[in-house]
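K.L.:
Quick one: the structure is below, and I'll ask about it shortly.
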Amino acid sequence: MILKRNFDPIKVIRYVWVELTVVLLSAGMAVLLYRMEMLKWFLPFSVTGILGSALAIFIAFRNNASYSRWWEARTLWGGILNSSRIFARQIINNADDAFQAKKIDAQTAESFKKELILRQIAYAHALCLHLRQEKRWDTMTQYISPEEWDTIRNSHNIPNLLLLKQGHRVKDGIRAGILGSFDSIGLEPIMSSFQNAQGGCERIKNTPLMRQYHYFTRLFMYVFIITIPFSLIGDFSKMNMDVLTIPVSMVIIFVFAVIGKVGEVNEDPFENRITDVPMSAIAITIERDLKTMLGMKEIPSSHAQKDGYLY
C-alpha cells in the first residue's frame with residue numbers, strides 16, 4: 001500500500017513507458033510526414049475526441065471496479081484482524097474462568113490458550129503466504145508444533161487446515177472442561193468469519209476483472225495513441241508550430257495512461273506489489289495484539305513502512 005504523498009516521476013514513467021514510446025513514434029511520424037508534404041489530410045479532432053470519451057468511460061469503469069475489489073480485500077483483512085482479537089479474548093477469558101472455577105490447573109489453561117492463539121497467528125501469516133503464492137513456510141514452526149506442521153505442509157490450502165485444527169481443539173477443550181459446554185456457540189461464528197473472509201479473498205484472487213473491459217480499454221488506448229497526433233498536427237500546423245504535436249501528444253497520453261494503470265494495478269490486491277493490501281503489516285498487527293493479550297514478553301516490532309510503502 002502506498003503511503004507517501006509524492007511519487008518519483010521516474011518510477012511513474014516506468015509504468016507507462018510503452019504507451020509513451022508508441023505516442024512518441026506516432027507523433028514523430030505525423031510531424032515527419034507533414035514536413036515531407038506527404039500528409040495530405042488531417043484527422044478531425046472531433047473524431048479523436050469521441051474516441052477519447054469512449055476510452056475515458058472504459059477507464060473509469062475499470063478503475064471503479066478495481067477500487068471496489070481492492071477495498072473489499074482490505075475490508076476482509078480488517079475483519080480477520082478484529083475477529084482474531086475477539087477469538088483470543090474469548091479463549092483467554094473462558095480458559096481463565098475454568099481455572100478460577102478449579103475445573104483445570106493453571107498449566108493446562110496456559111498451554112491451551114497459548115496453543116490456540118499461536119495457531120491463530122500462524123493462520124494470519126499462512127493466509128498471507130497462500131494468497132501471494134509465496135513459499136516462505138519455514139516460519140510456521142515458531143507458531144505450531146513441528147509434528148502438526150509435518151501433517152499439513154504438503155496441503156494446497158494450509159490456512160484452511162489450520163482452521164480445521166482450531167475447530168478440533170475447541171471441541172477437545174469442551175470435552176476436557178477447559179471451555180464450557182456453550183462456549184462453542186460464541187466461538188463458532190467467529191471461526192466461521194475466518195473462513196468467510198478467506199473465501200472472499202480467494203474469490204478476488206482467482207476471479208479476474210472481466211477480460212473484455214481490460215482488452216477493449218487497451219485496444220482503445222492504442223488506437224487513441226496512434227490517432228491523436230494526426231488530429232493535433234492540423235491545429236499546430238496552422239500556427240507554424242507543428243513540432244508541438246510531439247510534446248502535447250505525450251502529455252495527453254501520459255494522463256490517460258497513468259489513470260489506466262491505476263486501475264490495472266489495483267484490480268489484483270494480493271500480488272505482493274507496492275499497491276497491494278498490506279497483508280504482512282496486518283498479520284504482524286495480529287501477532288502483536290494476540291501475544292500481548294496472552295501476556296507474552298517477546299512481541300515483534302510493528303511492520304514499518306519502507307520508502308513510503310507498506311507491505
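Ordering of the C-alpha cells sets the chain letters (A, B, ...), residue numbers begin anew at 1 in every chain, and ligands are numbered from 1 in the order given.
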For Ile284 (chain A), list every protein, DNA or RNA residue within 8 Å, evaluated using only C-alpha atoms, and leave out those in the same chain fewer than 3 positions away; present the list as a list in words.

P.N.:
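The contact residues come out as Ser280, Ala281, Glu287, Arg288, Pro300, Ser302 and His303 of chain A.
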
K.L.:
Counting only C-alpha atoms, figure out which residue out of A:Gln107, A:Thr207, A:Thr21, A:Gln133 gets nearest to Asn272 (chain A).

P.N.:
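Among the listed residues, A:Gln133 lies closest to Asn272 (chain A).
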
K.L.:
Each residue of region 64-159 of chain A lying at most 7 Å from region 262-271 of chain A should get a row with its shortest atom-to-atom pair and the distance in Å to one decimal, counting only C-alpha atoms; could you produce that, ordered by chain and increasing number, as CSV?

P.N.:
residue,atom,partner,partner_atom,distance
A:Ser66,CA,A:Glu267,CA,4.2
A:Tyr67,CA,A:Asn266,CA,6.3
A:Arg69,CA,A:Glu267,CA,6.1
A:Trp70,CA,A:Pro269,CA,5.6
A:Leu131,CA,A:Phe270,CA,6.0
A:Arg132,CA,A:Glu271,CA,5.5

K.L.:
Let's have the selection written as a short mmCIF file (atom, residue, chain, number, x, y, z; two decimals), in the first residue's frame, with C-alpha atoms.

P.N.:
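Result written to selection.cif:
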data_model
loop_
_atom_site.label_atom_id
_atom_site.label_comp_id
_atom_site.auth_asym_id
_atom_site.auth_seq_id
_atom_site.Cartn_x
_atom_site.Cartn_y
_atom_site.Cartn_z
CA SER A 66 -10.69 -2.24 -9.44
CA TYR A 67 -11.03 0.00 -6.40
CA ARG A 69 -12.01 -5.17 -5.42
CA TRP A 70 -9.13 -3.53 -3.52
CA LEU A 131 -2.74 -15.51 -1.33
CA ARG A 132 0.64 -14.28 -2.53
#

K.L.:
In terms of the shortest atom-to-atom distance over only C-alpha atoms, which of A:Leu290, A:Ala88, A:Leu116, A:Ile259 is closest to Thr217 (chain A)?

P.N.:
A:Ile259

K.L.:
Pick out the closest residue to Asp97 (chain A) from this set: A:Phe220, A:Asp138, A:Glu110, A:Glu202. Count only C-alpha atoms.

P.N.:
A:Glu110

K.L.:
Restricting the calculation to only C-alpha atoms: of A:Ala124, A:Ile13, A:Leu163, A:Ile174, which residue gets closest to Gly78 (chain A)?

P.N.:
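With only C-alpha atoms as the atom set, the closest residue is A:Ala124.
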
K.L.:
Please provide as a PyMOL selection string all residues within 12 Å of region 157-162 of chain A, with the sequence filter that same-chain residues fewer than 3 positions apart are discarded (counting only C-alpha atoms).

P.N.:
chain A and resi 115-131+133+135+137+140+143-145+148-154+165-169+191-192+194-199+202

K.L.:
Between CA of Asp96 (chain A) and CA of Pro189 (chain A), what is the distance in Å, rounded to a tenth?

P.N.:
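Atom-to-atom, CA of Asp96 (chain A) and CA of Pro189 (chain A) are spaced 21.1 Å apart.
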
K.L.:
Smallest atom-to-atom distance to Asn94 (chain A): which of A:Asp183, A:Asp276, A:Glu188, A:Asp242, using only C-alpha atoms?

P.N.:
A:Asp183

K.L.:
Taking only C-alpha atoms into account, which of A:Ser84, A:Thr285, A:Asn93, A:Thr275 comes nearest Leu179 (chain A)?

P.N.:
A:Asn93

K.L.:
Quick one, how far is CA of Lys291 (chain A) from CA of Glu147 (chain A)?

P.N.:
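Atom-to-atom, CA of Lys291 (chain A) and CA of Glu147 (chain A) are spaced 22.2 Å apart.
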
K.L.:
Assign secondary structure with DSSP using the backbone only, and return the residues of region 54-278 of chain A in alpha helix (DSSP H) as a ChimeraX atom specification.

P.N.:
/A:54-100,106-132,146-152,158-176,183-206,211-238,245-266
